[in-house]
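Q: A single structure is presented below for examination.
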Amino acid sequence: MTRAADFDVPETEDFDGPHALFSDLRGRCPVAWSNDLGGFWAVTSHKDAKAVLEDWRMFTTTIQNVVPPVATTQRRPPLHLDPPDNIPYRNAILRFLTPSRLAEWEGRIEQMVARFLAPWVAKGGGDICAEFSFLLPIALLAEFFNLPPADAERIRIVGSEFNMALQRQDFDTLRAKSDELYEIARSLIEDRIAHARDPDTDPTASLLAVRVDGAPLAPDLALGALRQFLLVGIIAPTTFIGSMAVHLARHPGHHAELTARPELISEATEELLRLYTPYRGFARTAREDTTLGGREIKAGEALAVVFTSANRDGDAFEDPESYRLDRPTRDLLTFGRGPHMCPGAPLARLLLREVLRQLTARTLRLELTSEIEMTRWPEYGPLKAEFRAIPA
Ligand code: HEM
């Protein structure tokens with residue numbers, strides 16, 4: 001349906017533009033309609049975002065779950081199924097993310113960050129996204145899923161092409177790249193069927209071992225889940241690490257404080273996850289006509305839950321535009337809320353804290369040396385940002 005637009009999605013954005021737009025929308029129209037990106041409501045206030053995420057009976061993920069509507073190929077659980085259908089898929093991966101399992105990752109993540117960051121710092125910096133923050137989560141994913149090096153390399157190439165197609169909104173290429181990612185997932189499943197692995201140590205084997213009322217998961221949905229797992233944890237860390245670096249370059253005092261006091265890294269990571277929340281376009285579709293934030297939503301309309309905006313809402317966070325390490329973080333929406341809340345959050349936090357620790361330990365200062373090239377919806381953050389890194 002076409003409505004009078006409350007805002008237009010800009011063709012190009014800079015680092016601060018989205019936050020200025022969302023601040024304006026929260027002030028005058030917290031649930032705002034745009035005719036761009038297929039037509040959608042932007043839910044920008046913390047209260048409304050939380051309400052949408054928690055009311056999964058009214059706001060489903062089974063129809064349109066991302067703005068722009070790119071996920072048109074096949075269903076990918078757990079994100080594309082409502083409770084309780086999503087739960088077995090979540091459980092298949094959650095068993096690898098318990099505190100004791102995460103403890104096993106600490107040393108490995110420390111080494112992985114060093115492997116990619118040390119050469120970047122040694123050569124004086126460069127594009128942090130292409131040369132560091134895109135490579136790191138793929139390496140983590142490859143270890144997490146016990147992928148052979150050739151598959152990890154294919155995901156690196158196809159994942160990058162997929163992201164570029166998304167940025168250009170080139171939907172034909174996007175579908176082709178999504179199909180290639182499906183092929184990688186399919187061959188992984190075939191390998192695990194041919195060569196059984198322990199479901200306690202291999203996430204794909206864990207997915208294949210799930211039984212619901214005694215029956216295995218439907219093959220197309222198990223495949224969709226693996227395809228989702230292979231990409232979902234890559235893009236957000238890539239752009240968010242870029243945002244962390246921009247913040248450090250703009251605030252050398254914060255950089256110096258973290259170098260001197262590494263015990264603040266955990267609070268600083270949470271605060272940066274609030275200020276530069278990397279997702280703004282995860283979406284829901286209204287099942288029935290309803291109202292939200294005083295607006296009448298029609299059945300079938302898409303709503304983007306703008307996490308990037310909700311985390312800067314002054315009704316939820318005091319002095320929301322400032323970097324403060326003493327604020328309560330229980331209301332942080334960076335990793336979502338409700339039945340689809342990110343199961344990878346503890347692993348992501350481990351990785352991001354280690355990145356911030358090593359970035360501030362290995363460098364005295366970061367200086368931005370180029371314009372920042374930004375991602376578009378559904379993400380927020382740099383796609384390309386060049387820095388001079390001054391080694392410690
Ligand atoms: C900075 C890093 C990350 C951020 C900000 C992030 C954020 C999110 C958010 C906001 C959601 C909820 C989407 C919704 O409600 O529509 C989500 C879901 C999900 N995330 Fe993450 N994520 C990150 C990293 C990861 C990693 C590393 C993994 C894998 C280990 C992962 C796996 C998933 C999965 C499987 C879902 C779907 C869960 C479901 O539908 O039940 N994420 N993520």
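Each chain in the structure tokens gets a letter, A, B, ..., in the order shown, and its residues are numbered from 1; ligands are numbered from 1 in order too.
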Give me, as a count of residues only, all polymer residues having an atom no more than 8 Å from Pro382 in chain A, counting only C-alpha atoms and skipping those fewer than 4 positions away in the same chain.
A: 10
Q: Dump the neighbourhood of ligand 1 as a PDB file with N, CA and C atoms, in the first residue's frame: all residues within 7 Å, distances computed on only C-alpha atoms and all ligand atoms.
A:
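Final file, part21.pdb:
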ATOM      1  N   LEU A  53       9.040  -6.591  19.206  1.00  0.00           N
ATOM      2  CA  LEU A  53       9.857  -7.806  19.339  1.00  0.00           C
ATOM      3  C   LEU A  53       9.202  -8.826  20.274  1.00  0.00           C
ATOM      4  N   ASN A  65      11.021 -10.349   6.880  1.00  0.00           N
ATOM      5  CA  ASN A  65      11.781 -10.268   8.129  1.00  0.00           C
ATOM      6  C   ASN A  65      12.996  -9.360   8.008  1.00  0.00           C
ATOM      7  N   PRO A  77      15.289 -20.904   8.996  1.00  0.00           N
ATOM      8  CA  PRO A  77      15.080 -20.883  10.439  1.00  0.00           C
ATOM      9  C   PRO A  77      16.400 -20.587  11.160  1.00  0.00           C
ATOM     10  N   PRO A  78      16.423 -20.143  12.407  1.00  0.00           N
ATOM     11  CA  PRO A  78      15.226 -19.901  13.221  1.00  0.00           C
ATOM     12  C   PRO A  78      14.562 -18.555  12.939  1.00  0.00           C
ATOM     13  N   LEU A  79      15.248 -17.646  12.233  1.00  0.00           N
ATOM     14  CA  LEU A  79      14.716 -16.286  12.122  1.00  0.00           C
ATOM     15  C   LEU A  79      13.379 -16.247  11.383  1.00  0.00           C
ATOM     16  N   HIS A  80      13.207 -17.134  10.419  1.00  0.00           N
ATOM     17  CA  HIS A  80      12.014 -17.027   9.587  1.00  0.00           C
ATOM     18  C   HIS A  80      10.834 -17.854  10.098  1.00  0.00           C
ATOM     19  N   ASN A  86      10.594 -22.211  15.808  1.00  0.00           N
ATOM     20  CA  ASN A  86      11.995 -21.781  15.698  1.00  0.00           C
ATOM     21  C   ASN A  86      12.901 -22.442  16.752  1.00  0.00           C
ATOM     22  N   ARG A  90      17.197 -23.053  17.163  1.00  0.00           N
ATOM     23  CA  ARG A  90      17.991 -22.250  18.115  1.00  0.00           C
ATOM     24  C   ARG A  90      18.775 -23.173  19.041  1.00  0.00           C
ATOM     25  N   GLN A 228      21.568 -19.803   6.953  1.00  0.00           N
ATOM     26  CA  GLN A 228      21.467 -18.588   7.767  1.00  0.00           C
ATOM     27  C   GLN A 228      22.656 -18.471   8.726  1.00  0.00           C
ATOM     28  N   PHE A 229      22.978 -19.591   9.389  1.00  0.00           N
ATOM     29  CA  PHE A 229      24.095 -19.558  10.343  1.00  0.00           C
ATOM     30  C   PHE A 229      25.390 -19.123   9.650  1.00  0.00           C
ATOM     31  N   VAL A 232      24.874 -15.017   8.994  1.00  0.00           N
ATOM     32  CA  VAL A 232      24.284 -14.046   9.924  1.00  0.00           C
ATOM     33  C   VAL A 232      25.327 -13.431  10.865  1.00  0.00           C
ATOM     34  N   GLY A 233      26.365 -14.185  11.197  1.00  0.00           N
ATOM     35  CA  GLY A 233      27.336 -13.664  12.164  1.00  0.00           C
ATOM     36  C   GLY A 233      28.505 -12.919  11.542  1.00  0.00           C
ATOM     37  N   ILE A 234      28.453 -12.640  10.235  1.00  0.00           N
ATOM     38  CA  ILE A 234      29.611 -12.041   9.570  1.00  0.00           C
ATOM     39  C   ILE A 234      29.475 -10.533   9.391  1.00  0.00           C
ATOM     40  N   ALA A 236      27.471  -8.069  10.724  1.00  0.00           N
ATOM     41  CA  ALA A 236      27.395  -7.114  11.842  1.00  0.00           C
ATOM     42  C   ALA A 236      28.768  -6.856  12.482  1.00  0.00           C
ATOM     43  N   PRO A 237      29.563  -7.890  12.780  1.00  0.00           N
ATOM     44  CA  PRO A 237      30.887  -7.582  13.333  1.00  0.00           C
ATOM     45  C   PRO A 237      31.751  -6.769  12.369  1.00  0.00           C
ATOM     46  N   PHE A 240      30.474  -3.175  12.560  1.00  0.00           N
ATOM     47  CA  PHE A 240      30.589  -2.618  13.908  1.00  0.00           C
ATOM     48  C   PHE A 240      32.054  -2.353  14.290  1.00  0.00           C
ATOM     49  N   THR A 277      24.949   0.706  17.032  1.00  0.00           N
ATOM     50  CA  THR A 277      24.234  -0.560  16.834  1.00  0.00           C
ATOM     51  C   THR A 277      24.168  -0.919  15.340  1.00  0.00           C
ATOM     52  N   PRO A 278      24.708  -2.080  14.969  1.00  0.00           N
ATOM     53  CA  PRO A 278      24.893  -2.325  13.528  1.00  0.00           C
ATOM     54  C   PRO A 278      23.656  -2.767  12.745  1.00  0.00           C
ATOM     55  N   TYR A 279      22.534  -3.103  13.427  1.00  0.00           N
ATOM     56  CA  TYR A 279      21.345  -3.516  12.659  1.00  0.00           C
ATOM     57  C   TYR A 279      20.206  -2.519  12.820  1.00  0.00           C
ATOM     58  N   PHE A 282      16.156  -5.442  10.642  1.00  0.00           N
ATOM     59  CA  PHE A 282      15.418  -6.681  10.900  1.00  0.00           C
ATOM     60  C   PHE A 282      13.956  -6.310  11.038  1.00  0.00           C
ATOM     61  N   ALA A 283      13.073  -7.127  10.459  1.00  0.00           N
ATOM     62  CA  ALA A 283      11.684  -6.673  10.318  1.00  0.00           C
ATOM     63  C   ALA A 283      10.673  -7.717  10.764  1.00  0.00           C
ATOM     64  N   THR A 334      20.753  -4.084  21.159  1.00  0.00           N
ATOM     65  CA  THR A 334      21.668  -4.398  20.058  1.00  0.00           C
ATOM     66  C   THR A 334      21.484  -5.811  19.518  1.00  0.00           C
ATOM     67  N   PHE A 335      21.259  -6.748  20.409  1.00  0.00           N
ATOM     68  CA  PHE A 335      21.123  -8.149  19.986  1.00  0.00           C
ATOM     69  C   PHE A 335      19.660  -8.582  19.965  1.00  0.00           C
ATOM     70  N   GLY A 336      18.741  -7.630  19.946  1.00  0.00           N
ATOM     71  CA  GLY A 336      17.325  -7.937  19.861  1.00  0.00           C
ATOM     72  C   GLY A 336      16.730  -8.253  21.218  1.00  0.00           C
ATOM     73  N   ARG A 337      15.567  -8.832  21.194  1.00  0.00           N
ATOM     74  CA  ARG A 337      14.790  -9.133  22.398  1.00  0.00           C
ATOM     75  C   ARG A 337      13.732 -10.149  22.002  1.00  0.00           C
ATOM     76  N   PRO A 339      11.736 -13.791  21.280  1.00  0.00           N
ATOM     77  CA  PRO A 339      12.037 -15.164  20.836  1.00  0.00           C
ATOM     78  C   PRO A 339      13.162 -15.279  19.806  1.00  0.00           C
ATOM     79  N   HIS A 340      13.518 -14.175  19.137  1.00  0.00           N
ATOM     80  CA  HIS A 340      14.593 -14.269  18.135  1.00  0.00           C
ATOM     81  C   HIS A 340      15.888 -13.622  18.609  1.00  0.00           C
ATOM     82  N   MET A 341      15.945 -13.264  19.884  1.00  0.00           N
ATOM     83  CA  MET A 341      17.150 -12.596  20.388  1.00  0.00           C
ATOM     84  C   MET A 341      18.405 -13.378  19.975  1.00  0.00           C
ATOM     85  N   CYS A 342      19.424 -12.645  19.601  1.00  0.00           N
ATOM     86  CA  CYS A 342      20.604 -13.253  18.976  1.00  0.00           C
ATOM     87  C   CYS A 342      21.250 -14.339  19.857  1.00  0.00           C
ATOM     88  N   PRO A 343      21.260 -15.576  19.396  1.00  0.00           N
ATOM     89  CA  PRO A 343      21.934 -16.620  20.174  1.00  0.00           C
ATOM     90  C   PRO A 343      23.450 -16.467  20.135  1.00  0.00           C
ATOM     91  N   GLY A 344      23.961 -15.746  19.119  1.00  0.00           N
ATOM     92  CA  GLY A 344      25.410 -15.598  18.974  1.00  0.00           C
ATOM     93  C   GLY A 344      25.978 -14.456  19.816  1.00  0.00           C
ATOM     94  N   ALA A 345      25.118 -13.764  20.577  1.00  0.00           N
ATOM     95  CA  ALA A 345      25.575 -12.563  21.287  1.00  0.00           C
ATOM     96  C   ALA A 345      26.792 -12.810  22.195  1.00  0.00           C
ATOM     97  N   LEU A 347      29.195 -14.958  21.964  1.00  0.00           N
ATOM     98  CA  LEU A 347      30.399 -15.162  21.149  1.00  0.00           C
ATOM     99  C   LEU A 347      30.807 -13.841  20.489  1.00  0.00           C
ATOM    100  N   ALA A 348      29.808 -13.111  20.001  1.00  0.00           N
ATOM    101  CA  ALA A 348      30.095 -11.813  19.370  1.00  0.00           C
ATOM    102  C   ALA A 348      30.753 -10.876  20.384  1.00  0.00           C
TER     103      ALA A 348
END
Q: As a PyMOL selection string, please: every residue in range 52-290 of chain A that a backbone DSSP assignment puts in strand (DSSP E or B).
A: chain A and resi 59-60+66+125-127+211-212+215-216+279+282-286+290
Q: Those residues with N, CA and C atoms, as a PDB file, in the first residue's frame please?
A:
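As a result, part.pdb now contains:
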ATOM      1  N   PHE A  59       3.222  -9.701  15.441  1.00  0.00           N
ATOM      2  CA  PHE A  59       4.264  -9.283  14.482  1.00  0.00           C
ATOM      3  C   PHE A  59       5.138 -10.492  14.149  1.00  0.00           C
ATOM      4  N   THR A  60       4.866 -11.070  12.989  1.00  0.00           N
ATOM      5  CA  THR A  60       5.522 -12.345  12.627  1.00  0.00           C
ATOM      6  C   THR A  60       6.808 -12.122  11.836  1.00  0.00           C
ATOM      7  N   VAL A  66      13.101  -8.672   6.867  1.00  0.00           N
ATOM      8  CA  VAL A  66      14.197  -7.727   6.726  1.00  0.00           C
ATOM      9  C   VAL A  66      13.786  -6.629   5.738  1.00  0.00           C
ATOM     10  N   GLY A 125      48.241   0.410   8.997  1.00  0.00           N
ATOM     11  CA  GLY A 125      46.782   0.533   8.827  1.00  0.00           C
ATOM     12  C   GLY A 125      46.342   0.297   7.408  1.00  0.00           C
ATOM     13  N   GLY A 126      45.210   0.881   7.029  1.00  0.00           N
ATOM     14  CA  GLY A 126      44.586   0.645   5.713  1.00  0.00           C
ATOM     15  C   GLY A 126      43.082   0.577   5.918  1.00  0.00           C
ATOM     16  N   ASP A 127      42.384  -0.039   4.952  1.00  0.00           N
ATOM     17  CA  ASP A 127      40.925  -0.165   5.076  1.00  0.00           C
ATOM     18  C   ASP A 127      40.607  -1.241   6.119  1.00  0.00           C
ATOM     19  N   ARG A 211      15.623 -33.816  16.857  1.00  0.00           N
ATOM     20  CA  ARG A 211      14.393 -34.575  16.603  1.00  0.00           C
ATOM     21  C   ARG A 211      13.223 -33.793  17.202  1.00  0.00           C
ATOM     22  N   VAL A 212      12.154 -33.630  16.421  1.00  0.00           N
ATOM     23  CA  VAL A 212      10.941 -33.009  16.935  1.00  0.00           C
ATOM     24  C   VAL A 212       9.851 -34.064  16.860  1.00  0.00           C
ATOM     25  N   ALA A 215      10.943 -37.017  14.920  1.00  0.00           N
ATOM     26  CA  ALA A 215      11.301 -36.919  13.488  1.00  0.00           C
ATOM     27  C   ALA A 215      12.425 -35.898  13.291  1.00  0.00           C
ATOM     28  N   PRO A 216      13.333 -36.148  12.311  1.00  0.00           N
ATOM     29  CA  PRO A 216      14.377 -35.141  12.033  1.00  0.00           C
ATOM     30  C   PRO A 216      13.775 -33.882  11.431  1.00  0.00           C
ATOM     31  N   TYR A 279      22.534  -3.103  13.427  1.00  0.00           N
ATOM     32  CA  TYR A 279      21.345  -3.516  12.659  1.00  0.00           C
ATOM     33  C   TYR A 279      20.206  -2.519  12.820  1.00  0.00           C
ATOM     34  N   PHE A 282      16.156  -5.442  10.642  1.00  0.00           N
ATOM     35  CA  PHE A 282      15.418  -6.681  10.900  1.00  0.00           C
ATOM     36  C   PHE A 282      13.956  -6.310  11.038  1.00  0.00           C
ATOM     37  N   ALA A 283      13.073  -7.127  10.459  1.00  0.00           N
ATOM     38  CA  ALA A 283      11.684  -6.673  10.318  1.00  0.00           C
ATOM     39  C   ALA A 283      10.673  -7.717  10.764  1.00  0.00           C
ATOM     40  N   ARG A 284       9.463  -7.253  10.889  1.00  0.00           N
ATOM     41  CA  ARG A 284       8.307  -8.087  11.182  1.00  0.00           C
ATOM     42  C   ARG A 284       7.202  -7.690  10.221  1.00  0.00           C
ATOM     43  N   THR A 285       6.171  -8.545  10.105  1.00  0.00           N
ATOM     44  CA  THR A 285       4.992  -8.175   9.320  1.00  0.00           C
ATOM     45  C   THR A 285       3.772  -8.278  10.231  1.00  0.00           C
ATOM     46  N   ALA A 286       2.909  -7.262  10.181  1.00  0.00           N
ATOM     47  CA  ALA A 286       1.707  -7.287  11.025  1.00  0.00           C
ATOM     48  C   ALA A 286       0.752  -8.358  10.511  1.00  0.00           C
ATOM     49  N   THR A 290      -3.647  -3.145  13.309  1.00  0.00           N
ATOM     50  CA  THR A 290      -3.361  -2.855  14.719  1.00  0.00           C
ATOM     51  C   THR A 290      -2.876  -1.414  14.842  1.00  0.00           C
TER      52      THR A 290
END
Q: Taking the backbone alone, and naming residues the way the document does, which bits of range 67-290 of chain A are alpha helix (DSSP H) by DSSP, as a PyMOL selection string?
A: chain A and resi 87-94+99-103+105-122+128+135-144+149-168+171-194+203-209+219-250+252-260+265-275
Q: Env of Ala118 in chain A: 12 Å cut, atoms = only C-alpha atoms, seq-sep filter 6 positions within chain, self excluded. Answer as a ChimeraX atom specification.
A: /A:110-112,124-125,131-132,355,358-359,361-363,389,391-392
Q: Output N, CA and C atoms for every residue in that selection, as an mmCIF file, in the first residue's frame.
A:
data_model
loop_
_atom_site.group_PDB
_atom_site.id
_atom_site.type_symbol
_atom_site.label_atom_id
_atom_site.label_comp_id
_atom_site.auth_asym_id
_atom_site.auth_seq_id
_atom_site.Cartn_x
_atom_site.Cartn_y
_atom_site.Cartn_z
ATOM 1 N N GLU A 110 41.693 -14.759 20.979
ATOM 2 C CA GLU A 110 42.834 -13.852 21.193
ATOM 3 C C GLU A 110 43.874 -14.047 20.076
ATOM 4 N N GLN A 111 44.146 -15.308 19.755
ATOM 5 C CA GLN A 111 45.138 -15.595 18.705
ATOM 6 C C GLN A 111 44.651 -15.158 17.324
ATOM 7 N N MET A 112 43.348 -15.392 17.101
ATOM 8 C CA MET A 112 42.772 -15.055 15.795
ATOM 9 C C MET A 112 42.833 -13.541 15.554
ATOM 10 N N GLY A 124 50.952 -0.085 9.127
ATOM 11 C CA GLY A 124 50.511 1.307 9.302
ATOM 12 C C GLY A 124 49.036 1.514 9.042
ATOM 13 N N GLY A 125 48.241 0.410 8.997
ATOM 14 C CA GLY A 125 46.782 0.533 8.827
ATOM 15 C C GLY A 125 46.342 0.297 7.408
ATOM 16 N N GLU A 131 40.457 -5.296 5.189
ATOM 17 C CA GLU A 131 41.730 -5.929 5.561
ATOM 18 C C GLU A 131 41.711 -6.555 6.953
ATOM 19 N N PHE A 132 40.666 -6.303 7.711
ATOM 20 C CA PHE A 132 40.628 -6.878 9.055
ATOM 21 C C PHE A 132 39.235 -7.363 9.459
ATOM 22 N N VAL A 355 38.792 -7.519 20.179
ATOM 23 C CA VAL A 355 39.206 -6.579 19.124
ATOM 24 C C VAL A 355 39.492 -5.217 19.748
ATOM 25 N N GLN A 358 42.756 -5.362 21.791
ATOM 26 C CA GLN A 358 44.008 -5.385 21.012
ATOM 27 C C GLN A 358 44.182 -4.108 20.183
ATOM 28 N N LEU A 359 43.062 -3.554 19.694
ATOM 29 C CA LEU A 359 43.194 -2.297 18.927
ATOM 30 C C LEU A 359 43.808 -1.205 19.802
ATOM 31 N N ALA A 361 45.503 -1.725 22.596
ATOM 32 C CA ALA A 361 46.813 -2.108 23.144
ATOM 33 C C ALA A 361 47.902 -1.999 22.082
ATOM 34 N N ARG A 362 47.534 -2.313 20.829
ATOM 35 C CA ARG A 362 48.552 -2.354 19.767
ATOM 36 C C ARG A 362 48.772 -1.004 19.098
ATOM 37 N N THR A 363 47.828 -0.072 19.287
ATOM 38 C CA THR A 363 48.014 1.235 18.646
ATOM 39 C C THR A 363 47.962 2.352 19.693
ATOM 40 N N ALA A 389 47.348 3.740 11.279
ATOM 41 C CA ALA A 389 47.470 3.171 12.622
ATOM 42 C C ALA A 389 48.854 3.514 13.155
ATOM 43 N N PRO A 391 51.493 2.625 15.686
ATOM 44 C CA PRO A 391 51.713 1.488 16.611
ATOM 45 C C PRO A 391 52.108 1.937 18.019
ATOM 46 N N ALA A 392 51.754 1.112 18.999
ATOM 47 C CA ALA A 392 52.094 1.437 20.398
ATOM 48 C C ALA A 392 53.573 1.229 20.608
#
Q: Would you mind telling me which residue in A:Glu367, A:Leu383, A:Leu117, A:Ala92 lies nearest to Ala209 in chain A when using only C-alpha atoms?
A: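 The answer is A:Ala92, which sits nearest to Ala209 in chain A.
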Q: Would you work out the distance separating CA of Ala205 in chain A from CA of Ala103 in chain A, expressed in Å to one decimal?
A: 21.5 Å
Q: Record the distance separating CA of Asn163 in chain A and CA of Gly17 in chain A, expressed in Å with one decimal.
A: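 Answer for the CA of Asn163 in chain A to CA of Gly17 in chain A separation: 21.0 Å.
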Q: As a PyMOL selection string, please: the residues near Arg312 in chain A (cut-off 7 Å, only C-alpha atoms, same-chain neighbours under 4 positions excluded).
A: chain A and resi 275+317+320-321
Q: For the selection just defined, write its residues with N, CA and C atoms to a file, as a PDB file, in the first residue's frame.
A:
ATOM      1  N   LEU A 275      25.919   2.805  21.027  1.00  0.00           N
ATOM      2  CA  LEU A 275      26.024   4.022  20.198  1.00  0.00           C
ATOM      3  C   LEU A 275      26.026   3.720  18.702  1.00  0.00           C
ATOM      4  N   PHE A 317      17.661   5.776  27.753  1.00  0.00           N
ATOM      5  CA  PHE A 317      19.067   5.989  28.143  1.00  0.00           C
ATOM      6  C   PHE A 317      19.288   7.466  28.407  1.00  0.00           C
ATOM      7  N   PRO A 320      21.617  10.240  25.839  1.00  0.00           N
ATOM      8  CA  PRO A 320      21.840   9.080  24.963  1.00  0.00           C
ATOM      9  C   PRO A 320      22.917   9.247  23.909  1.00  0.00           C
ATOM     10  N   GLU A 321      23.257  10.497  23.546  1.00  0.00           N
ATOM     11  CA  GLU A 321      24.264  10.670  22.482  1.00  0.00           C
ATOM     12  C   GLU A 321      25.692  10.582  23.029  1.00  0.00           C
TER      13      GLU A 321
END
Q: What does the distance between CA of Ala51 in chain A and CA of Leu292 in chain A come to in Å, to one decimal place?
A: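 Atom-to-atom, CA of Ala51 in chain A to CA of Leu292 in chain A, that is 8.8 Å.
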Q: Closest to Arg108 in chain A among A:Glu143, A:Leu231, A:Gly300, A:Ala122, using only C-alpha atoms?
A: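 Of the candidates, the smallest distance to Arg108 in chain A is held by A:Glu143.
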